[in-house]
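Let me begin by presenting the structure, written as structure tokens, before commenting on it.
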Amino acid sequence: MPFTFTTAAQVTLRAVVDALCLVYPDDGETLDGYSAMVAAHNVDLARSPITLDETGAVAGMVLLGMRDRRGWCCDVAVVPSHQNRGLGQALMRRADAEAARAGLRALQLEVRDDNAPARHVYEKNGYRYTRRLPCYIATLDGLGWRYMRSPSGLTVARDESGDAVRRWHGTRFVAAPPWERELPSLLARRNRAAWTALSDGREVACLACSWPDDRRRLNIDLLALTNDTTHTDVRVLAAAAMRETGIETLRMGLEPADSRAAVMLREFGFRVDKDLWEMIKNVPE
């Protein structure tokens, strides 16, 4: 193939973002936003395979995040003009080699359900499906929560220190999170806050959110529900978060389809805007 293989550390991040914008033109990726993502998700640019075409432009990539002995394929992408030439498979093999050199035991990624070509590449590379991770979205008016008020005995407390997230993350009240919502990622968010619902002074639920610099939506990063949490508790928390941030679109990405939080969101009227699968493979030694 007429390509040169290197790593993401050897090109500018601007070049990576430009290539991603060719692959996903509707995402509106920015350099600042992508730089923050790389830091938050522990992406190792020196371990991330990149290929350049004959002009020196980025033709494809696999960006690798690394935590302990696990790895995550953050962005696996080949620009449209170079697709269907075996480049995706070549990049995945190089990602496997980098993971093995780094001593990783497993690699994981997410792929859209309707992206059959990418799923085929991952299946051939040994990835297996583990769980379905839809993304849910709704608006304040669509939910009818604009004038939501707390009932007697229910109060909402806001926390920006990260203490609430640390307290609730990893408990049995939260579904096992995808890579982007593991604790290191949540604590590295630039714009974030958490709200807890207290029933007669006792915490019964926690909602942690973050938002991009353009404030186009409020992202639910954690929704912790105890056995006592009611639909009203969650409505009040979400309405408070949207009212205090002034953001009226609420989204929860990559939530296991069978989690209690996902079931509740669907009951509220959230719609699925993306349907993804989590896939995992063991790294050959």
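Scheme for the structure tokens: letters A, B, ... for chains in order shown; per-chain residue numbers from 1; ligand numbers from 1 in order shown.
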
Taking the chain letters and numbering used in this document, name the residues of region 34-119 of chain A that DSSP puts in strand (DSSP E or B), as a PyMOL selection string.
-> chain A and resi 43+49-52+58-67+70-78+106-112

Keeping only N, CA, C and O atoms, write those residues as a compact mmCIF listing (two decimals), in the first residue's frame.
# COMPACT_ATOMS: atom_id res chain seq x y z
N VAL A 43 -5.34 8.81 26.38
CA VAL A 43 -4.87 8.39 25.07
C VAL A 43 -3.36 8.59 25.00
O VAL A 43 -2.83 9.64 25.35
N PRO A 49 -1.24 4.12 16.36
CA PRO A 49 -0.82 4.02 14.95
C PRO A 49 -1.53 5.03 14.06
O PRO A 49 -2.74 5.24 14.18
N ILE A 50 -0.77 5.64 13.19
CA ILE A 50 -1.27 6.61 12.20
C ILE A 50 -0.66 6.23 10.85
O ILE A 50 0.49 5.79 10.78
N THR A 51 -1.42 6.41 9.80
CA THR A 51 -0.85 6.23 8.46
C THR A 51 -1.05 7.49 7.64
O THR A 51 -2.07 8.17 7.76
N LEU A 52 -0.04 7.81 6.85
CA LEU A 52 -0.05 9.01 6.02
C LEU A 52 -0.11 8.59 4.55
O LEU A 52 0.49 7.59 4.15
N VAL A 58 -2.96 12.72 6.94
CA VAL A 58 -3.40 11.55 7.71
C VAL A 58 -4.47 10.81 6.92
O VAL A 58 -5.49 11.38 6.54
N ALA A 59 -4.22 9.53 6.66
CA ALA A 59 -5.18 8.71 5.90
C ALA A 59 -5.99 7.80 6.81
O ALA A 59 -7.11 7.40 6.46
N GLY A 60 -5.45 7.46 7.96
CA GLY A 60 -6.16 6.57 8.88
C GLY A 60 -5.48 6.57 10.24
O GLY A 60 -4.33 7.00 10.38
N MET A 61 -6.18 6.05 11.23
CA MET A 61 -5.65 6.10 12.60
C MET A 61 -6.34 5.09 13.49
O MET A 61 -7.47 4.66 13.22
N VAL A 62 -5.65 4.71 14.54
CA VAL A 62 -6.23 4.03 15.70
C VAL A 62 -5.62 4.69 16.91
O VAL A 62 -4.43 4.49 17.20
N LEU A 63 -6.39 5.52 17.62
CA LEU A 63 -5.88 6.16 18.82
C LEU A 63 -6.12 5.25 20.02
O LEU A 63 -7.25 4.78 20.24
N LEU A 64 -5.08 5.00 20.80
CA LEU A 64 -5.14 4.05 21.89
C LEU A 64 -5.13 4.73 23.25
O LEU A 64 -4.21 5.49 23.57
N GLY A 65 -6.16 4.46 24.04
CA GLY A 65 -6.15 4.84 25.45
C GLY A 65 -5.62 3.67 26.27
O GLY A 65 -5.82 2.51 25.92
N MET A 66 -4.93 3.98 27.37
CA MET A 66 -4.35 2.92 28.18
C MET A 66 -4.55 3.21 29.67
O MET A 66 -4.27 4.31 30.14
N ARG A 67 -5.07 2.19 30.38
CA ARG A 67 -5.25 2.26 31.83
C ARG A 67 -4.87 0.89 32.41
O ARG A 67 -5.50 -0.12 32.06
N ARG A 70 -5.26 -2.49 30.52
CA ARG A 70 -6.34 -2.45 29.54
C ARG A 70 -6.09 -1.34 28.52
O ARG A 70 -5.48 -0.33 28.83
N GLY A 71 -6.60 -1.56 27.31
CA GLY A 71 -6.51 -0.54 26.28
C GLY A 71 -7.86 -0.28 25.66
O GLY A 71 -8.77 -1.12 25.72
N TRP A 72 -7.99 0.88 25.05
CA TRP A 72 -9.25 1.30 24.42
C TRP A 72 -8.95 1.96 23.08
O TRP A 72 -8.12 2.87 23.01
N CYS A 73 -9.58 1.47 22.03
CA CYS A 73 -9.44 2.09 20.71
C CYS A 73 -10.41 3.25 20.63
O CYS A 73 -11.61 3.06 20.39
N CYS A 74 -9.89 4.43 20.83
CA CYS A 74 -10.71 5.63 20.92
C CYS A 74 -11.32 5.99 19.57
O CYS A 74 -12.53 6.03 19.41
N ASP A 75 -10.50 6.25 18.59
CA ASP A 75 -10.96 6.57 17.25
C ASP A 75 -10.27 5.65 16.26
O ASP A 75 -9.05 5.70 16.11
N VAL A 76 -11.06 4.81 15.63
CA VAL A 76 -10.57 3.97 14.54
C VAL A 76 -11.20 4.54 13.28
O VAL A 76 -12.41 4.50 13.10
N ALA A 77 -10.39 5.12 12.41
CA ALA A 77 -10.96 5.84 11.27
C ALA A 77 -10.03 5.79 10.06
O ALA A 77 -8.81 5.87 10.20
N VAL A 78 -10.64 5.68 8.90
CA VAL A 78 -9.93 5.79 7.62
C VAL A 78 -10.69 6.82 6.80
O VAL A 78 -11.92 6.73 6.66
N ALA A 106 -5.96 -6.65 27.38
CA ALA A 106 -7.22 -6.60 26.65
C ALA A 106 -7.36 -5.25 25.95
O ALA A 106 -6.82 -4.24 26.40
N LEU A 107 -8.10 -5.26 24.84
CA LEU A 107 -8.45 -4.05 24.11
C LEU A 107 -9.97 -4.00 23.97
O LEU A 107 -10.62 -5.03 23.78
N GLN A 108 -10.52 -2.80 24.05
CA GLN A 108 -11.95 -2.65 23.87
C GLN A 108 -12.23 -1.45 22.98
O GLN A 108 -11.38 -0.59 22.77
N LEU A 109 -13.45 -1.41 22.44
CA LEU A 109 -13.87 -0.30 21.59
C LEU A 109 -15.39 -0.30 21.53
O LEU A 109 -16.05 -1.21 22.04
N GLU A 110 -15.94 0.78 20.94
CA GLU A 110 -17.37 0.83 20.67
C GLU A 110 -17.57 1.05 19.18
O GLU A 110 -16.79 1.77 18.54
N VAL A 111 -18.63 0.47 18.64
CA VAL A 111 -18.92 0.59 17.22
C VAL A 111 -20.43 0.72 17.04
O VAL A 111 -21.21 0.09 17.76
N ARG A 112 -20.82 1.55 16.08
CA ARG A 112 -22.24 1.73 15.82
C ARG A 112 -22.86 0.45 15.25
O ARG A 112 -22.24 -0.24 14.43

Shell around region 114-123 of chain A at 8 Å using only C-alpha atoms, local window under 5 positions removed, as number ranges by chain = A: 88-89, 128, 275

Using N, CA and C atoms, can you write the selected residues to a file as an mmCIF file, in the first residue's frame?
data_model
loop_
_atom_site.group_PDB
_atom_site.id
_atom_site.type_symbol
_atom_site.label_atom_id
_atom_site.label_comp_id
_atom_site.auth_asym_id
_atom_site.auth_seq_id
_atom_site.Cartn_x
_atom_site.Cartn_y
_atom_site.Cartn_z
ATOM 1 N N GLY A 88 -7.818 -0.328 7.208
ATOM 2 C CA GLY A 88 -8.353 -0.538 8.556
ATOM 3 C C GLY A 88 -7.758 -1.766 9.211
ATOM 4 N N GLN A 89 -7.687 -2.872 8.467
ATOM 5 C CA GLN A 89 -7.105 -4.099 9.007
ATOM 6 C C GLN A 89 -5.638 -3.897 9.355
ATOM 7 N N ARG A 128 -15.002 -9.509 20.209
ATOM 8 C CA ARG A 128 -16.297 -10.136 20.465
ATOM 9 C C ARG A 128 -17.246 -9.104 21.087
ATOM 10 N N ASP A 275 -26.939 3.923 18.402
ATOM 11 C CA ASP A 275 -27.013 2.578 18.973
ATOM 12 C C ASP A 275 -25.669 1.906 18.732
#

Which residues, written as a ChimeraX atom specification, have at least one atom at most 10 Å from Ala197 (chain A), with only C-alpha atoms counted and residues fewer than 5 positions away on the same chain left out?
-> /A:150,154-158,202-207,229,233-234,236-237

From the list A:Ala193, A:Ala99, A:Leu87, A:Val17, which residue is nearest Asn282 (chain A) when using only C-alpha atoms?
->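 Closest candidate: A:Ala99.
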
What gap, in Å, lies between CA of Gly253 (chain A) and CA of Thr230 (chain A)?
->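 That distance, rounded to one decimal, is 21.6 Å.
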
Output as a list in words all residues of region 42-96 of chain A that backbone DSSP marks as helix (DSSP H, G or I).
->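 The helix (DSSP H, G or I) residues within region 42-96 of chain A come out as Leu45, Ala46, Arg47, Pro80, Ser81, His82, Leu87, Gly88, Gln89, Ala90, Leu91, Met92, Arg93, Arg94, Ala95 and Asp96 of chain A.
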
May I have the residues from that selection written out with all heavy atoms, as a tab-separated table (two decimals), in the first residue's frame?
chain	number	residue	atom	x	y	z
A	45	LEU	N	-0.54	9.04	22.59
A	45	LEU	CA	-0.29	9.35	21.19
A	45	LEU	C	0.93	8.61	20.64
A	45	LEU	O	0.97	8.27	19.46
A	45	LEU	CB	-0.12	10.86	21.02
A	45	LEU	CG	-1.34	11.71	21.38
A	45	LEU	CD1	-1.00	13.19	21.26
A	45	LEU	CD2	-2.54	11.37	20.51
A	46	ALA	N	1.90	8.35	21.50
A	46	ALA	CA	3.11	7.65	21.05
A	46	ALA	C	2.85	6.18	20.75
A	46	ALA	O	3.66	5.52	20.09
A	46	ALA	CB	4.21	7.78	22.09
A	47	ARG	N	1.73	5.64	21.24
A	47	ARG	CA	1.36	4.24	21.00
A	47	ARG	C	0.23	4.12	19.98
A	47	ARG	O	-0.25	3.01	19.72
A	47	ARG	CB	0.90	3.59	22.30
A	47	ARG	CG	1.98	3.44	23.35
A	47	ARG	CD	2.89	2.28	23.05
A	47	ARG	NE	3.77	1.97	24.17
A	47	ARG	CZ	4.70	1.03	24.15
A	47	ARG	NH1	4.88	0.32	23.05
A	47	ARG	NH2	5.46	0.80	25.19
A	80	PRO	N	-12.46	8.81	3.86
A	80	PRO	CA	-13.25	8.19	2.78
A	80	PRO	C	-12.47	7.86	1.52
A	80	PRO	O	-12.69	6.80	0.91
A	80	PRO	CB	-14.35	9.24	2.52
A	80	PRO	CG	-14.51	9.93	3.83
A	80	PRO	CD	-13.14	9.99	4.43
A	81	SER	N	-11.54	8.71	1.10
A	81	SER	CA	-10.82	8.47	-0.16
A	81	SER	C	-9.88	7.28	-0.09
A	81	SER	O	-9.39	6.82	-1.13
A	81	SER	CB	-10.04	9.73	-0.56
A	81	SER	OG	-9.10	10.09	0.45
A	82	HIS	N	-9.62	6.78	1.13
A	82	HIS	CA	-8.70	5.64	1.27
A	82	HIS	C	-9.38	4.40	1.83
A	82	HIS	O	-8.70	3.43	2.19
A	82	HIS	CB	-7.53	6.03	2.16
A	82	HIS	CG	-6.66	7.11	1.59
A	82	HIS	ND1	-6.08	7.01	0.34
A	82	HIS	CD2	-6.29	8.32	2.09
A	82	HIS	CE1	-5.38	8.11	0.09
A	82	HIS	NE2	-5.50	8.93	1.14
A	87	LEU	N	-6.76	-0.78	4.67
A	87	LEU	CA	-6.02	0.07	5.61
A	87	LEU	C	-6.51	-0.13	7.04
A	87	LEU	O	-5.70	-0.11	7.98
A	87	LEU	CB	-6.16	1.53	5.18
A	87	LEU	CG	-5.16	2.52	5.77
A	87	LEU	CD1	-3.74	2.05	5.54
A	87	LEU	CD2	-5.38	3.91	5.15
A	88	GLY	N	-7.82	-0.33	7.21
A	88	GLY	CA	-8.35	-0.54	8.56
A	88	GLY	C	-7.76	-1.77	9.21
A	88	GLY	O	-7.35	-1.73	10.38
A	89	GLN	N	-7.69	-2.87	8.47
A	89	GLN	CA	-7.11	-4.10	9.01
A	89	GLN	C	-5.64	-3.90	9.36
A	89	GLN	O	-5.15	-4.37	10.38
A	89	GLN	CB	-7.25	-5.24	7.98
A	89	GLN	CG	-8.67	-5.74	7.80
A	89	GLN	CD	-9.11	-6.65	8.94
A	89	GLN	OE1	-8.42	-6.81	9.94
A	89	GLN	NE2	-10.28	-7.25	8.78
A	90	ALA	N	-4.90	-3.20	8.49
A	90	ALA	CA	-3.47	-2.96	8.74
A	90	ALA	C	-3.27	-2.14	10.01
A	90	ALA	O	-2.38	-2.42	10.81
A	90	ALA	CB	-2.84	-2.26	7.54
A	91	LEU	N	-4.11	-1.13	10.21
A	91	LEU	CA	-4.01	-0.31	11.40
A	91	LEU	C	-4.36	-1.10	12.66
A	91	LEU	O	-3.71	-0.94	13.71
A	91	LEU	CB	-4.93	0.91	11.27
A	91	LEU	CG	-4.41	2.03	10.36
A	91	LEU	CD1	-5.54	2.98	9.98
A	91	LEU	CD2	-3.27	2.79	11.03
A	92	MET	N	-5.36	-1.97	12.59
A	92	MET	CA	-5.74	-2.76	13.75
A	92	MET	C	-4.62	-3.72	14.13
A	92	MET	O	-4.36	-3.95	15.32
A	92	MET	CB	-7.03	-3.52	13.47
A	92	MET	CG	-8.27	-2.64	13.27
A	92	MET	SD	-8.61	-1.53	14.68
A	92	MET	CE	-9.13	-2.70	15.92
A	93	ARG	N	-3.94	-4.28	13.14
A	93	ARG	CA	-2.80	-5.17	13.45
A	93	ARG	C	-1.70	-4.39	14.15
A	93	ARG	O	-1.07	-4.90	15.10
A	93	ARG	CB	-2.28	-5.82	12.17
A	93	ARG	CG	-3.20	-6.89	11.58
A	93	ARG	CD	-2.49	-7.71	10.52
A	93	ARG	NE	-2.16	-6.91	9.35
A	93	ARG	CZ	-2.95	-6.76	8.30
A	93	ARG	NH1	-4.14	-7.33	8.27
A	93	ARG	NH2	-2.55	-6.04	7.25
A	94	ARG	N	-1.46	-3.17	13.72
A	94	ARG	CA	-0.44	-2.35	14.37
A	94	ARG	C	-0.87	-1.96	15.78
A	94	ARG	O	-0.03	-1.86	16.69
A	94	ARG	CB	-0.13	-1.12	13.52
A	94	ARG	CG	0.68	-1.48	12.28
A	94	ARG	CD	0.94	-0.29	11.38
A	94	ARG	NE	1.80	-0.71	10.25
A	94	ARG	CZ	3.11	-0.63	10.24
A	94	ARG	NH1	3.75	-0.12	11.27
A	94	ARG	NH2	3.81	-1.04	9.20
A	95	ALA	N	-2.17	-1.72	15.97
A	95	ALA	CA	-2.66	-1.42	17.31
A	95	ALA	C	-2.45	-2.62	18.23
A	95	ALA	O	-2.07	-2.47	19.40
A	95	ALA	CB	-4.13	-1.04	17.25
A	96	ASP	N	-2.70	-3.83	17.72
A	96	ASP	CA	-2.44	-5.05	18.50
A	96	ASP	C	-0.97	-5.12	18.91
A	96	ASP	O	-0.65	-5.46	20.07
A	96	ASP	CB	-2.79	-6.29	17.69
A	96	ASP	CG	-4.28	-6.51	17.56
A	96	ASP	OD1	-5.05	-5.83	18.27
A	96	ASP	OD2	-4.68	-7.37	16.75

So how many Å separate CA of Thr196 (chain A) and CA of Leu133 (chain A), to one decimal?
-> 24.6 Å

Do a neighbour search on region 165-172 of chain A at 7 Å with only C-alpha atoms, toss out local chain neighbours closer than 4 positions, and write the hits as an NGL selection string.
-> :A and (183 or 208 or 224)

Just the selected residues (C-alpha atoms), exported as a PDB file, in the first residue's frame, please.
ATOM      1  CA  LEU A 183     -13.590   7.681  37.041  1.00  0.00           C
ATOM      2  CA  ALA A 208     -23.122  13.952  37.337  1.00  0.00           C
ATOM      3  CA  ALA A 224     -26.699   6.576  40.414  1.00  0.00           C
TER       4      ALA A 224
END

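Summary of the local environment: counting only C-alpha atoms, residues at most 8 Å from His41 (chain A), other than itself and those fewer than 2 positions away along its chain, are A:Met37, A:Val38, A:Ala39, A:Val43, A:Gly65, A:Trp179, A:Glu180, A:Pro184, A:Ser185.
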
Of the candidates A:Leu198, A:Thr55, A:Glu278, A:Leu22, which shows the shortest atom-to-atom distance to Gln83 (chain A), using only C-alpha atoms?
->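 Result for the nearest residue to Gln83 (chain A): A:Leu22.
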
Option closest in space to Leu187 (chain A), from A:Cys209, A:Phe268, A:Ala175, A:Tyr127 [counting only C-alpha atoms] | A:Cys209

At a cut-off of 10 Å, using only C-alpha atoms, what residues contact Ala238 (chain A)? Leave out same-chain residues fewer than 6 positions from it and give the result as a short mmCIF file (atom, residue, chain, number, x, y, z; two decimals) with C-alpha atoms, in the first residue's frame.
data_model
loop_
_atom_site.label_atom_id
_atom_site.label_comp_id
_atom_site.auth_asym_id
_atom_site.auth_seq_id
_atom_site.Cartn_x
_atom_site.Cartn_y
_atom_site.Cartn_z
CA LEU A 140 -36.32 20.10 28.53
CA TRP A 145 -39.75 19.38 33.00
CA MET A 148 -40.39 20.88 37.72
CA TRP A 195 -26.28 17.05 41.80
CA CYS A 206 -26.75 11.30 42.10
CA LEU A 207 -26.54 12.91 38.68
CA ALA A 208 -23.12 13.95 37.34
CA CYS A 209 -22.95 15.95 34.12
CA LEU A 218 -25.64 18.53 28.87
CA ILE A 220 -25.03 12.68 31.80
CA LEU A 223 -26.70 8.43 37.11
CA THR A 232 -39.58 12.09 40.72
CA GLU A 244 -28.68 25.86 36.65
CA LEU A 250 -29.84 16.32 27.88
#

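Closest approach to Met252 (chain A) among A:Trp211, A:Phe173, A:Tyr136, A:Tyr147: A:Tyr136, based on only C-alpha atoms.
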
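From CA of Asp44 (chain A) back to CA of Ala97 (chain A), the distance works out to 14.1 Å.
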
Using only C-alpha atoms, which residue out of A:Pro284, A:Gly246, A:Gly33, A:Pro134 lies closest to Ala262 (chain A)?
->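 With only C-alpha atoms as the atom set, the closest residue is A:Pro134.
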
Identify which of the residues A:Ser259, A:Asn125, A:Thr4, A:Thr12 lies closest to Val283 (chain A), counting only C-alpha atoms when measuring atom-to-atom distances.
-> A:Asn125
